[in-house]
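Peer 1: Please find run-v2.txt (compact mmCIF, C-alpha atoms and all ligand atoms) on the next line:
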```
# COMPACT_ATOMS: atom_id res chain seq x y z
CA MET A 7 0.00 0.00 0.00
CA ALA A 8 1.55 3.30 -1.12
CA ASP A 9 1.84 5.95 1.57
CA ARG A 10 -0.96 8.42 1.38
CA VAL A 11 -1.12 11.79 3.12
CA PRO A 12 -3.76 11.68 5.85
CA ARG A 13 -6.80 13.89 5.36
CA MET A 14 -7.69 16.46 7.97
CA LEU A 15 -11.26 17.76 8.08
CA PHE A 16 -11.93 21.07 9.83
CA LEU A 17 -15.52 21.56 10.98
CA MET A 18 -16.54 25.18 11.44
CA SER A 19 -19.14 27.75 10.51
CA ASP A 20 -18.94 31.32 9.30
CA THR A 21 -20.62 32.79 12.34
CA GLY A 22 -18.20 35.72 12.45
CA GLY A 23 -14.82 35.45 10.80
CA GLY A 24 -12.80 33.92 13.64
CA HIS A 25 -13.54 30.22 13.16
CA ARG A 26 -12.52 30.14 9.51
CA ALA A 27 -9.46 32.31 10.26
CA ALA A 28 -8.34 29.89 13.00
CA ALA A 29 -8.78 26.83 10.77
CA GLU A 30 -6.94 28.51 7.90
CA ALA A 31 -4.12 29.53 10.25
CA ILE A 32 -3.64 25.91 11.37
CA CYS A 33 -3.78 24.72 7.75
CA LEU A 34 -1.12 27.22 6.74
CA ALA A 35 1.14 25.89 9.47
CA LEU A 36 0.85 22.30 8.22
CA PRO A 37 3.33 20.83 5.72
CA ASP A 38 2.31 21.54 2.09
CA SER A 39 1.23 17.98 1.41
CA PHE A 40 -1.21 18.06 4.36
CA GLN A 41 -2.52 21.48 3.33
CA SER A 42 -3.51 20.22 -0.08
CA GLN A 43 -5.49 17.36 1.50
CA ALA A 44 -7.14 19.42 4.25
CA MET A 45 -10.82 20.29 4.03
CA LEU A 46 -12.76 23.12 5.63
CA ILE A 47 -16.51 22.66 5.93
CA ASP A 48 -19.17 25.11 7.13
CA PHE A 49 -21.47 22.54 8.74
CA LEU A 50 -24.34 25.02 9.20
CA ALA A 51 -24.42 26.17 5.57
CA GLU A 52 -23.67 22.74 4.07
CA GLY A 53 -25.20 20.33 6.54
CA SER A 54 -28.19 21.86 8.32
CA ARG A 55 -31.89 21.85 7.57
CA PRO A 56 -33.48 25.14 6.45
CA PRO A 57 -33.81 27.67 8.02
CA PHE A 58 -30.84 26.75 10.23
CA ASP A 59 -28.52 26.77 7.22
CA GLN A 60 -29.03 30.57 7.21
CA ILE A 61 -27.70 31.11 10.76
CA GLY A 62 -24.36 32.38 9.43
CA ARG A 63 -26.16 35.23 7.63
CA LEU A 64 -28.36 36.06 10.62
CA TYR A 65 -25.50 36.06 13.13
CA ARG A 66 -24.30 39.66 12.59
CA PRO A 67 -27.70 41.40 12.66
CA THR A 68 -28.71 39.38 15.74
CA VAL A 69 -25.58 40.15 17.70
CA ASP A 70 -25.34 43.77 16.49
CA TYR A 71 -28.97 44.83 16.89
CA ALA A 72 -30.24 42.50 19.62
CA PRO A 73 -27.28 42.05 22.01
CA LEU A 74 -29.59 41.50 24.99
CA LEU A 75 -31.34 38.65 23.17
CA TRP A 76 -27.93 37.15 22.34
CA ALA A 77 -26.81 37.52 25.98
CA ALA A 78 -29.98 35.76 27.18
CA LEU A 79 -29.47 32.96 24.65
CA PHE A 80 -25.82 32.57 25.71
CA ARG A 81 -26.82 32.37 29.39
CA PHE A 82 -29.70 29.96 28.83
CA THR A 83 -27.70 27.60 26.63
CA SER A 84 -24.89 27.64 29.23
CA SER A 85 -27.19 26.11 31.87
CA ALA A 86 -27.50 22.32 32.17
CA MET A 87 -31.07 22.41 30.85
CA GLY A 88 -30.17 24.83 28.03
CA LEU A 89 -27.21 22.72 27.04
CA ARG A 90 -29.37 19.58 26.80
CA ALA A 91 -32.01 21.45 24.79
CA SER A 92 -29.39 22.92 22.41
CA LEU A 93 -27.81 19.55 21.78
CA ALA A 94 -31.19 17.90 21.14
CA LEU A 95 -32.07 20.63 18.63
CA LEU A 96 -28.64 20.49 17.02
CA GLU A 97 -28.89 16.75 16.57
CA ARG A 98 -32.23 17.14 14.82
CA VAL A 99 -31.26 19.96 12.48
CA SER A 100 -27.62 19.18 11.80
CA GLY A 101 -27.01 15.57 12.88
CA PRO A 102 -27.82 13.91 9.55
CA GLY A 103 -25.95 16.65 7.67
CA ILE A 104 -22.85 16.31 9.82
CA ALA A 105 -23.02 12.55 9.36
CA ARG A 106 -23.19 13.04 5.60
CA ILE A 107 -20.20 15.37 5.69
CA LEU A 108 -18.17 12.89 7.74
CA ARG A 109 -19.18 10.02 5.45
CA ASN A 110 -18.46 11.88 2.22
CA HIS A 111 -15.11 13.31 3.22
CA ARG A 112 -13.64 10.24 4.90
CA ALA A 113 -11.17 12.16 7.02
CA ASP A 114 -8.41 10.56 9.07
CA LEU A 115 -8.52 13.31 11.68
CA VAL A 116 -11.43 15.65 12.43
CA ILE A 117 -10.78 19.06 13.98
CA SER A 118 -13.57 21.18 15.40
CA VAL A 119 -12.99 24.93 15.56
CA HIS A 120 -16.61 25.77 16.45
CA PRO A 121 -18.64 25.36 19.64
CA LEU A 122 -21.42 23.53 17.77
CA THR A 123 -19.23 20.82 16.22
CA ASN A 124 -18.06 18.86 19.23
CA HIS A 125 -20.79 16.74 20.84
CA ILE A 126 -22.65 15.62 17.71
CA PRO A 127 -19.54 14.74 15.63
CA ALA A 128 -18.09 12.97 18.70
CA GLN A 129 -21.21 10.78 18.99
CA ILE A 130 -21.23 10.00 15.28
CA LEU A 131 -17.52 9.25 15.01
CA HIS A 132 -17.50 7.04 18.11
CA ARG A 133 -20.43 5.05 16.78
CA ILE A 134 -19.14 4.60 13.26
CA VAL A 135 -15.37 5.08 13.08
CA PRO A 136 -13.97 5.19 16.63
CA GLU A 137 -10.42 5.06 15.26
CA VAL A 138 -10.80 8.54 13.72
CA PRO A 139 -9.82 11.08 16.41
CA LEU A 140 -11.78 14.26 17.04
CA VAL A 141 -9.80 17.26 18.29
CA THR A 142 -11.43 20.44 19.56
CA VAL A 143 -9.47 23.67 19.08
CA VAL A 144 -11.23 26.29 21.21
CA THR A 145 -11.20 29.72 19.53
CA ASP A 146 -12.63 31.80 22.38
CA LEU A 147 -9.84 33.22 24.51
CA ALA A 148 -11.35 32.92 27.97
CA THR A 149 -15.13 32.90 28.47
CA ALA A 150 -15.74 29.94 26.18
CA HIS A 151 -19.32 28.58 26.00
CA PRO A 152 -19.90 25.11 27.55
CA LEU A 153 -20.83 23.77 24.09
CA TRP A 154 -17.12 23.87 23.29
CA PHE A 155 -16.42 21.18 25.85
CA CYS A 156 -17.38 17.58 25.13
CA PRO A 157 -15.73 14.94 27.37
CA ASP A 158 -15.90 12.42 24.50
CA VAL A 159 -13.53 14.25 22.15
CA ASP A 160 -10.02 12.80 21.97
CA HIS A 161 -8.16 16.05 22.62
CA CYS A 162 -9.18 19.56 23.58
CA LEU A 163 -6.69 22.35 22.81
CA VAL A 164 -7.47 25.60 24.63
CA PRO A 165 -6.01 29.09 24.30
CA SER A 166 -5.68 30.08 27.97
CA ILE A 167 -5.61 28.90 31.58
CA GLU A 168 -9.17 30.23 32.03
CA ALA A 169 -10.38 28.16 29.08
CA GLN A 170 -8.52 25.15 30.51
CA ARG A 171 -10.33 25.64 33.83
CA ARG A 172 -13.66 25.63 32.00
CA ALA A 173 -12.76 22.50 30.05
CA LEU A 174 -11.90 20.63 33.24
CA ARG A 175 -15.05 21.89 34.97
CA ALA A 176 -17.08 20.56 32.03
CA GLY A 177 -15.73 17.09 32.73
CA ILE A 178 -13.03 16.70 30.08
CA PRO A 179 -10.28 14.49 31.58
CA ALA A 180 -7.13 16.55 32.34
CA ALA A 181 -5.00 14.32 30.10
CA LYS A 182 -7.05 15.40 27.06
CA VAL A 183 -6.75 19.14 27.72
CA ARG A 184 -3.77 21.20 26.65
CA VAL A 185 -3.11 24.97 26.63
CA ALA A 186 -1.87 25.75 23.12
CA GLY A 187 -2.79 29.39 22.43
CA LEU A 188 -5.26 30.70 19.87
CA PRO A 189 -4.18 29.98 16.28
CA ILE A 190 -3.45 33.03 14.16
CA SER A 191 -1.93 33.17 10.71
CA PRO A 192 1.83 32.47 10.68
CA ALA A 193 2.03 35.63 8.52
CA PHE A 194 1.90 37.70 11.72
CA THR A 195 5.44 36.72 12.65
CA GLY A 196 8.43 38.48 11.14
CA LEU A 197 6.59 41.44 9.60
CA ALA A 198 7.68 44.11 12.12
CA LYS A 199 10.94 44.86 10.31
CA LYS A 200 8.99 45.67 7.13
CA ARG A 201 6.77 48.22 8.87
CA ASP A 202 8.07 51.35 7.10
CA HIS A 203 7.85 49.66 3.74
CA LEU A 204 4.32 48.44 4.49
CA ARG A 205 3.15 51.90 5.53
CA GLN A 206 4.44 53.30 2.28
CA ALA A 207 2.94 50.53 0.18
CA LEU A 208 -0.46 51.06 1.84
CA GLY A 209 -0.31 54.80 1.16
CA LEU A 210 -0.13 55.81 4.83
CA SER A 211 1.35 59.14 5.85
CA PRO A 212 4.59 58.86 7.87
CA ASP A 213 3.57 61.89 9.99
CA ARG A 214 0.26 60.70 11.40
CA TYR A 215 -0.66 57.91 13.77
CA ALA A 216 -2.54 55.22 11.85
CA ILE A 217 -5.65 53.96 13.66
CA LEU A 218 -7.12 50.68 12.43
CA ILE A 219 -10.90 50.32 12.95
CA VAL A 220 -12.28 46.78 12.64
CA GLY A 221 -15.48 44.94 13.62
CA GLY A 222 -14.60 41.28 13.09
CA GLY A 223 -15.23 39.46 9.82
CA GLU A 224 -18.78 40.87 9.64
CA GLY A 225 -18.01 44.57 10.23
CA MET A 226 -19.97 44.67 13.49
CA GLY A 227 -20.09 47.20 16.31
CA HIS A 228 -21.19 50.45 14.63
CA LEU A 229 -17.75 51.26 13.24
CA ASP A 230 -19.16 54.29 11.42
CA ARG A 231 -19.86 56.16 14.66
CA PHE A 232 -16.35 55.52 16.00
CA ALA A 233 -14.80 56.55 12.69
CA ALA A 234 -16.82 59.79 12.56
CA ALA A 235 -15.78 60.77 16.09
CA LEU A 236 -12.10 60.13 15.35
CA ASP A 237 -12.35 62.03 12.08
CA ASN A 238 -13.51 65.12 13.95
CA CYS A 239 -11.31 64.97 17.04
CA GLY A 240 -8.37 67.07 15.78
CA LEU A 241 -5.69 64.51 16.66
CA PRO A 242 -2.79 63.92 14.24
CA ILE A 243 -4.21 60.62 13.01
CA GLN A 244 -5.23 58.79 9.84
CA LEU A 245 -7.86 56.06 9.65
CA VAL A 246 -7.80 52.59 8.14
CA ILE A 247 -11.33 51.17 8.30
CA VAL A 248 -12.08 47.50 7.56
CA ALA A 249 -15.81 46.90 7.03
CA GLY A 250 -15.36 43.15 6.53
CA ARG A 251 -18.30 41.42 4.85
CA ASN A 252 -20.62 44.33 5.75
CA GLU A 253 -21.01 45.64 2.20
CA ARG A 254 -23.56 48.32 3.06
CA LEU A 255 -21.23 49.79 5.66
CA GLN A 256 -18.34 49.72 3.21
CA ALA A 257 -20.40 51.50 0.55
CA ARG A 258 -21.54 54.16 3.02
CA LEU A 259 -18.05 54.81 4.37
CA THR A 260 -16.51 54.92 0.90
CA LYS A 261 -18.91 57.68 -0.19
CA GLN A 262 -18.26 59.75 2.93
CA THR A 263 -16.00 62.84 2.91
CA TRP A 264 -13.28 62.69 5.55
CA ASN A 265 -11.25 65.40 7.32
CA VAL A 266 -8.28 63.14 7.98
CA PRO A 267 -6.66 60.75 5.48
CA THR A 268 -8.87 57.67 5.47
CA ILE A 269 -8.76 54.35 3.66
CA VAL A 270 -11.89 52.17 3.61
CA TYR A 271 -11.71 48.45 2.84
CA GLY A 272 -14.29 45.69 2.63
CA PHE A 273 -13.18 42.17 3.54
CA VAL A 274 -9.37 42.15 3.47
CA HIS A 275 -6.92 39.29 3.14
CA ASN A 276 -3.92 41.26 4.36
CA MET A 277 -4.76 41.80 8.02
CA PRO A 278 -1.17 40.98 9.10
CA GLU A 279 0.13 43.84 6.92
CA LEU A 280 -2.58 46.28 8.04
CA MET A 281 -2.01 45.53 11.72
CA THR A 282 1.76 45.78 11.41
CA ALA A 283 1.49 49.13 9.63
CA CYS A 284 -0.89 50.75 12.14
CA ASP A 285 -0.25 52.27 15.59
CA ALA A 286 -3.43 51.28 17.48
CA ILE A 287 -6.67 49.42 16.84
CA ILE A 288 -10.30 50.08 17.72
CA THR A 289 -12.23 46.83 17.62
CA LYS A 290 -14.87 44.71 19.25
CA ALA A 291 -13.33 42.04 21.45
CA GLY A 292 -13.29 39.22 18.87
CA PRO A 293 -10.77 36.59 19.97
CA GLY A 294 -9.16 36.32 16.53
CA THR A 295 -8.67 40.07 16.10
CA VAL A 296 -7.49 40.43 19.71
CA SER A 297 -4.92 37.64 19.36
CA GLU A 298 -3.69 39.04 16.06
CA ALA A 299 -3.46 42.61 17.41
CA LEU A 300 -1.46 41.37 20.40
CA ALA A 301 0.94 39.54 18.10
CA ALA A 302 1.33 42.70 15.99
CA GLY A 303 1.99 44.73 19.17
CA LEU A 304 -1.06 46.96 18.64
CA PRO A 305 -2.55 48.77 21.64
CA ILE A 306 -6.26 47.90 21.70
CA LEU A 307 -9.27 50.14 22.32
CA PHE A 308 -12.39 48.01 22.73
CA SER A 309 -15.47 49.53 21.13
CA GLY A 310 -17.53 46.71 22.63
CA TYR A 311 -17.85 42.96 22.94
CA ILE A 312 -20.35 40.28 22.11
CA PRO A 313 -22.04 39.48 25.44
CA GLY A 314 -20.98 36.13 26.80
CA GLN A 315 -18.24 34.71 24.64
CA GLU A 316 -16.14 37.89 24.24
CA GLU A 317 -16.29 39.29 27.78
CA GLY A 318 -13.21 37.45 28.97
CA ASN A 319 -11.12 38.79 26.08
CA VAL A 320 -11.51 42.35 27.38
CA ALA A 321 -10.35 41.39 30.88
CA TYR A 322 -7.39 39.46 29.41
CA VAL A 323 -6.10 42.55 27.56
CA ILE A 324 -6.87 45.13 30.25
CA GLU A 325 -5.26 43.06 33.01
CA GLY A 326 -2.21 42.70 30.78
CA GLU A 327 -2.15 46.52 30.35
CA ALA A 328 -2.27 46.30 26.57
CA GLY A 329 -5.50 48.24 26.03
CA ALA A 330 -8.62 49.84 27.43
CA MET A 331 -12.39 49.70 27.15
CA ALA A 332 -13.98 52.60 25.21
CA PRO A 333 -17.59 51.62 24.58
CA THR A 334 -18.66 54.99 23.11
CA PRO A 335 -17.02 57.08 20.36
CA GLU A 336 -16.46 59.91 22.87
CA LEU A 337 -14.62 57.60 25.27
CA ALA A 338 -12.53 56.21 22.41
CA VAL A 339 -11.45 59.74 21.43
CA ALA A 340 -10.72 60.66 25.06
CA ARG A 341 -8.62 57.54 25.64
CA LEU A 342 -6.70 57.94 22.40
CA ARG A 343 -6.08 61.62 23.20
CA ALA A 344 -4.70 60.61 26.58
CA TRP A 345 -2.46 57.92 25.07
CA LEU A 346 -1.04 60.28 22.46
CA ALA A 347 -0.67 63.22 24.88
CA GLU A 348 1.03 61.37 27.76
CA SER A 349 4.38 60.65 26.15
CA PRO A 350 5.69 58.77 23.11
CA GLN A 351 6.56 56.05 25.61
CA THR A 352 2.87 55.32 26.37
CA LEU A 353 2.06 53.68 23.02
CA LEU A 354 5.39 51.87 23.13
CA THR A 355 4.73 50.40 26.57
CA LEU A 356 1.22 49.31 25.56
CA SER A 357 2.72 47.74 22.46
CA GLU A 358 5.35 45.83 24.45
CA ASN A 359 2.67 44.63 26.88
CA ALA A 360 0.58 43.42 23.92
CA ARG A 361 3.48 41.37 22.55
CA ARG A 362 4.00 39.82 25.98
CA LEU A 363 0.39 38.54 25.99
CA ALA A 364 0.60 37.16 22.45
CA HIS A 365 1.04 33.56 21.26
CA PRO A 366 2.18 34.17 17.68
CA ARG A 367 3.34 30.57 17.26
CA ALA A 368 0.10 28.94 18.42
CA ALA A 369 -0.90 27.77 14.93
CA LYS A 370 2.48 26.10 14.42
CA GLU A 371 2.29 24.38 17.81
CA ILE A 372 -1.26 23.19 17.18
CA ALA A 373 -0.30 21.94 13.71
CA GLN A 374 2.54 19.96 15.30
CA ILE A 375 0.18 18.49 17.93
CA LEU A 376 -2.21 17.40 15.15
CA LEU A 377 0.64 15.78 13.23
CA ASN A 378 1.71 13.93 16.38
CA ILE A 379 -1.83 12.69 16.98
CA GLN A 380 -2.02 11.58 13.37
CA ASN A 381 1.31 9.77 13.64
CA ARG A 382 0.23 7.95 16.77
CA THR A 383 -3.10 6.95 15.26
CA GLY A 384 -1.73 6.18 11.83
CA ALA A 385 -3.78 6.76 8.69
CA PRO A 386 -5.99 3.79 7.92
CA PRO A 387 -4.78 2.21 4.65
CA GLN A 388 -7.76 3.20 2.49
CA GLY A 389 -9.29 5.99 4.55
CA PHE A 390 -12.13 4.63 6.62
CA THR A 391 -14.80 2.52 5.01
CA ALA A 392 -18.09 4.34 4.90
CA ARG A 393 -20.82 2.66 6.86
CA ARG A 394 -24.26 4.04 7.51
CA LEU A 395 -23.77 6.90 9.94
CA PHE A 396 -27.44 7.26 10.66
CA PRO A 397 -29.89 4.38 10.70
CA LYS A 398 -32.18 4.14 7.69
CA GLY A 399 -35.04 6.64 7.73
CA SER A 400 -33.35 9.07 10.15
N1 LIG B 1 -10.79 39.35 9.18
C1 LIG B 1 -10.23 39.30 7.90
N2 LIG B 1 -10.62 40.24 7.01
C2 LIG B 1 -11.51 41.20 7.30
C3 LIG B 1 -12.06 41.25 8.61
C4 LIG B 1 -11.67 40.31 9.52
O1 LIG B 1 -9.42 38.44 7.59
O2 LIG B 1 -11.81 42.01 6.44
C5 LIG B 1 -10.38 38.30 10.12
C6 LIG B 1 -9.62 38.85 11.31
O3 LIG B 1 -8.27 39.08 10.96
C7 LIG B 1 -9.85 37.73 12.32
C8 LIG B 1 -11.26 37.26 11.99
O4 LIG B 1 -11.55 37.70 10.66
O5 LIG B 1 -8.95 36.67 12.09
C9 LIG B 1 -12.29 37.84 12.92
O6 LIG B 1 -12.32 37.04 14.06
P1 LIG B 1 -12.81 37.57 15.46
O7 LIG B 1 -12.70 36.41 16.39
O8 LIG B 1 -12.07 38.78 15.84
O9 LIG B 1 -14.30 38.06 15.27
P2 LIG B 1 -15.59 37.37 14.62
O10 LIG B 1 -15.68 37.88 13.23
O11 LIG B 1 -15.40 35.88 14.67
O12 LIG B 1 -16.72 37.83 15.45
```
If you took the structure in this file and wrote it as structure tokens, what would it be?
Peer 2:
Amino acid sequence: MADRVPRMLFLMSDTGGGHRAAAEAICLALPDSFQSQAMLIDFLAEGSRPPFDQIGRLYRPTVDYAPLLWAALFRFTSSAMGLRASLALLERVSGPGIARILRNHRADLVISVHPLTNHIPAQILHRIVPEVPLVTVVTDLATAHPLWFCPDVDHCLVPSIEAQRRALRAGIPAAKVRVAGLPISPAFTGLAKKRDHLRQALGLSPDRYAILIVGGGEGMGHLDRFAAALDNCGLPIQLVIVAGRNERLQARLTKQTWNVPTIVYGFVHNMPELMTACDAIITKAGPGTVSEALAAGLPILFSGYIPGQEEGNVAYVIEGEAGAMAPTPELAVARLRAWLAESPQTLLTLSENARRLAHPRAAKEIAQILLNIQNRTGAPPQGFTARRLFPKGS
């Protein structure tokens, strides 16, 4: 039997941009031959019954315009009863689809980078192909939802001590849990020395502080109000605004007239370059953006956070003295004014603190852990043989 490169299947969903970014970061850190075999599947879009296949599209408006509803949902589904109810619903709407995905793709190793792809895939894999390991890679920095933690997965890689505590409290055996950092693109390492070149290439002025304004992959968090306040505050700044997949916001901001030099982007694929070139970031507390900003040494001003899952990210950065909370445009301007007025050392100290909190090599370490697991398990000679994952008529 000729050697074949084992297939890794990443289960995720585009609820926000962080899950895909984490999976892609791990993929990029794998050897080329593994990358070409790896698969990334949005289980909600590709494997859930209507209308649940639309959840990815509904995520941003729900979180942006009904944060209290989201907070209530997060709290309820975190309780024992809510957790049972969520899993029962998930099994109904996504179970057969996830089974189909697992059957069709015949992976040798399954990696979950989403809170909703742990319990159900674990049940299915254990029933049908127990030799195929399931690894959870938690992509919430601290206050991770209990749905992330399924005692039946083979390994659970967490980004922080707080997340580790939660995993253990949820009943995952200690031997399965490992603190590995939150995976960010390997492109974030080694860019600092190209900073001047990057600033020039991006068309940034050398004489003004560059402030990056981001709202996750979906352009959440009313970026327009923060941008308008900064535009009118009289500080020696320039703005780089990333509207992500929020096309309406991008169109509106592009048409706007600005007092200070301003660049507006939609969804970008060069976040490492943008972060390296800028001097500070205003963002919601998305774990991906926070981890990347820390690696790029960017002081962080938090415009807000998604209730529940992002709360711990704010505390992580503030306790590490790498940023501050500024939930209104006025507070953001006041805090930035204070940072810039204090002394040139202030931004530098914040930047050094940020780098100290960062785990820029997390994706590489996680990739190595996955390769070790794969080596120990060994790829089955033909990939696993498909059997019925769900009984007839399910
Ligand atoms: N991102 C990107 N391009 C964009 C906007 C965002 O690549 O135009 C990436 C960003 O770098 C980060 C992820 O999307 O890796 C956002 O993840 P985060 O956890 O911060 O927030 P989410 O979108 O999941 O709420």
Peer 1: Near Ala328 in chain A, within 6 Å and counting only C-alpha atoms, which residues show up once chain neighbours fewer than 5 positions away are dropped, as a PyMOL selection string?
Peer 2: chain A and resi 305+323+356+359-360
Peer 1: Under the rule of at most 12 Å, produce a per-residue listing of range 111-196 of chain A near range 277-297 of chain A: chain, number, name, the closest pair of atoms, and the distance in Å, as CSV, using all atoms listed in the file.
Peer 2:
```
residue,atom,partner,partner_atom,distance
A:Val144,CA,A:Pro293,CA,10.4
A:Thr145,CA,A:Pro293,CA,6.9
A:Asp146,CA,A:Pro293,CA,5.7
A:Leu147,CA,A:Pro293,CA,5.7
A:Ala148,CA,A:Pro293,CA,8.8
A:Thr149,CA,A:Pro293,CA,10.2
A:Ala150,CA,A:Pro293,CA,10.4
A:Pro165,CA,A:Pro293,CA,9.9
A:Ser166,CA,A:Ser297,CA,11.5
A:Gly187,CA,A:Ser297,CA,9.1
A:Leu188,CA,A:Ser297,CA,7.0
A:Pro189,CA,A:Gly294,CA,8.1
A:Ile190,CA,A:Gly294,CA,7.0
A:Ser191,CA,A:Pro278,CA,8.0
A:Pro192,CA,A:Pro278,CA,9.2
A:Ala193,CA,A:Pro278,CA,6.3
A:Phe194,CA,A:Pro278,CA,5.2
A:Thr195,CA,A:Pro278,CA,8.6
A:Gly196,CA,A:Thr282,CA,9.9
```
Peer 1: List the spatial neighbours of Pro127 in chain A as a short mmCIF file (atom, residue, chain, number, x, y, z; two decimals) with C-alpha atoms, in the frame of the given file - criterion: any atom at most 9 Å away, only C-alpha atoms, same-chain residues fewer than 5 positions off excluded.
Peer 2:
```cif
data_model
loop_
_atom_site.label_atom_id
_atom_site.label_comp_id
_atom_site.auth_asym_id
_atom_site.auth_seq_id
_atom_site.Cartn_x
_atom_site.Cartn_y
_atom_site.Cartn_z
CA GLY A 101 -27.01 15.57 12.88
CA ILE A 104 -22.85 16.31 9.82
CA ALA A 105 -23.02 12.55 9.36
CA LEU A 108 -18.17 12.89 7.74
CA VAL A 116 -11.43 15.65 12.43
CA SER A 118 -13.57 21.18 15.40
CA HIS A 132 -17.50 7.04 18.11
CA LEU A 140 -11.78 14.26 17.04
CA VAL A 159 -13.53 14.25 22.15
#
```
Peer 1: Considering all atoms listed in the file, can you say which of A:Leu153, A:Ala330, A:Ile134, A:Met18 comes closest to Leu96 in chain A?
Peer 2: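 For Leu96 in chain A, the nearest of the given residues is A:Leu153.
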Peer 1: Given only C-alpha atoms and all ligand atoms as the basis, pick out the residue of A:Glu137, A:Glu253, A:Asp59, A:Glu325 nearest to ligand LIG 1 (chain B).
Peer 2: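 That would be A:Glu253, the residue with the smallest distance to ligand LIG 1 (chain B).
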Peer 1: Can you tell me which residues sit at most 6 Å away from ligand LIG 1 (chain B), counting all atoms listed in the file, written as a ChimeraX atom specification?
Peer 2: /A:22-24,27,222-224,248,250,272-275,277,292-295
Peer 1: How would you write as a PDB file with C-alpha atoms, in the frame of the given file the residues that get within 12 Å of (-19.5, 63.4, 8.1) in the file's frame, counting only C-alpha atoms?
Peer 2:
```pdb
ATOM      1  CA  ASP A 230     -19.160  54.290  11.420  1.00  0.00           C
ATOM      2  CA  ARG A 231     -19.860  56.160  14.660  1.00  0.00           C
ATOM      3  CA  PHE A 232     -16.350  55.520  16.000  1.00  0.00           C
ATOM      4  CA  ALA A 233     -14.800  56.550  12.690  1.00  0.00           C
ATOM      5  CA  ALA A 234     -16.820  59.790  12.560  1.00  0.00           C
ATOM      6  CA  ALA A 235     -15.780  60.770  16.090  1.00  0.00           C
ATOM      7  CA  LEU A 236     -12.100  60.130  15.350  1.00  0.00           C
ATOM      8  CA  ASP A 237     -12.350  62.030  12.080  1.00  0.00           C
ATOM      9  CA  ASN A 238     -13.510  65.120  13.950  1.00  0.00           C
ATOM     10  CA  ARG A 258     -21.540  54.160   3.020  1.00  0.00           C
ATOM     11  CA  LEU A 259     -18.050  54.810   4.370  1.00  0.00           C
ATOM     12  CA  THR A 260     -16.510  54.920   0.900  1.00  0.00           C
ATOM     13  CA  LYS A 261     -18.910  57.680  -0.190  1.00  0.00           C
ATOM     14  CA  GLN A 262     -18.260  59.750   2.930  1.00  0.00           C
ATOM     15  CA  THR A 263     -16.000  62.840   2.910  1.00  0.00           C
ATOM     16  CA  TRP A 264     -13.280  62.690   5.550  1.00  0.00           C
ATOM     17  CA  ASN A 265     -11.250  65.400   7.320  1.00  0.00           C
ATOM     18  CA  VAL A 266      -8.280  63.140   7.980  1.00  0.00           C
TER      19      VAL A 266
END
```
Peer 1: Report, in Å with one decimal, the straight-line distance from CA of Trp154 in chain A to CA of Leu89 in chain A.
Peer 2: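 Interatomic distance here is 10.8 Å.
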Peer 1: Using only C-alpha atoms, can you tell me which of A:His25, A:Arg81, A:Arg10, A:Lys370 comes closest to Thr123 in chain A?
Peer 2: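 Of all the options, A:His25 lies closest to Thr123 in chain A.
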Peer 1: A:Val185, A:Val138, A:Ala176, A:Ile126: which is nearest Gly103 in chain A, counting all atoms listed in the file?
Peer 2: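 Closest candidate: A:Ile126.
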Peer 1: May I ask which of the residues A:Asn319, A:Ile130, A:Ala207, A:Arg109 is the closest one to Glu97 in chain A, counting only C-alpha atoms?
Peer 2: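 Smallest distance to Glu97 in chain A is found for A:Ile130.
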Peer 1: Can you tell me how far CA of Ile269 in chain A sits from CA of Ala302 in chain A, in Å to one decimal?
Peer 2: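 We find that CA of Ile269 in chain A and CA of Ala302 in chain A lie 19.7 Å from each other.
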Peer 1: So, counting all atoms listed in the file, which residue among A:Pro313, A:Pro267, A:Gly303, A:Gly240 is closest to Arg362 in chain A?
Peer 2: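 Closest candidate: A:Gly303.
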Peer 1: Centre and edge lengths, as lines of an AutoDock Vina configuration file, for the axis-aligned box enclosing every listed atom of range 126-145 of chain A with 5 Å of padding on each of the six sides, in Å to one decimal?
Peer 2:
```
center_x = -16.1
center_y = 17.2
center_z = 17.1
size_x = 23.2
size_y = 35.1
size_z = 18.1
```
Peer 1: Could you please determine the separation between CA of Ile107 in chain A and CA of Gly53 in chain A in Å, to one decimal place?
Peer 2: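 CA of Gly53 in chain A lies at a distance of 7.1 Å from CA of Ile107 in chain A.
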Peer 1: If you count all atoms listed in the file, which residues fall within 12 Å of Thr383 in chain A, apart from same-chain ones fewer than 6 positions away, as number ranges by chain?
Peer 2: A: 12, 114-115, 136-140, 160, 376-377
Peer 1: As an MDAnalysis selection string, please: the residues near Gln43 in chain A (cut-off 8 Å, all atoms listed in the file, same-chain neighbours under 5 positions excluded).
Peer 2: chainID A and resid 11:14
Peer 1: Take the residues from that selection and put them in a file with C-alpha atoms, as a PDB file, in the frame of the given file.
Peer 2:
```pdb
ATOM      1  CA  VAL A  11      -1.120  11.790   3.120  1.00  0.00           C
ATOM      2  CA  PRO A  12      -3.760  11.680   5.850  1.00  0.00           C
ATOM      3  CA  ARG A  13      -6.800  13.890   5.360  1.00  0.00           C
ATOM      4  CA  MET A  14      -7.690  16.460   7.970  1.00  0.00           C
TER       5      MET A  14
END
```
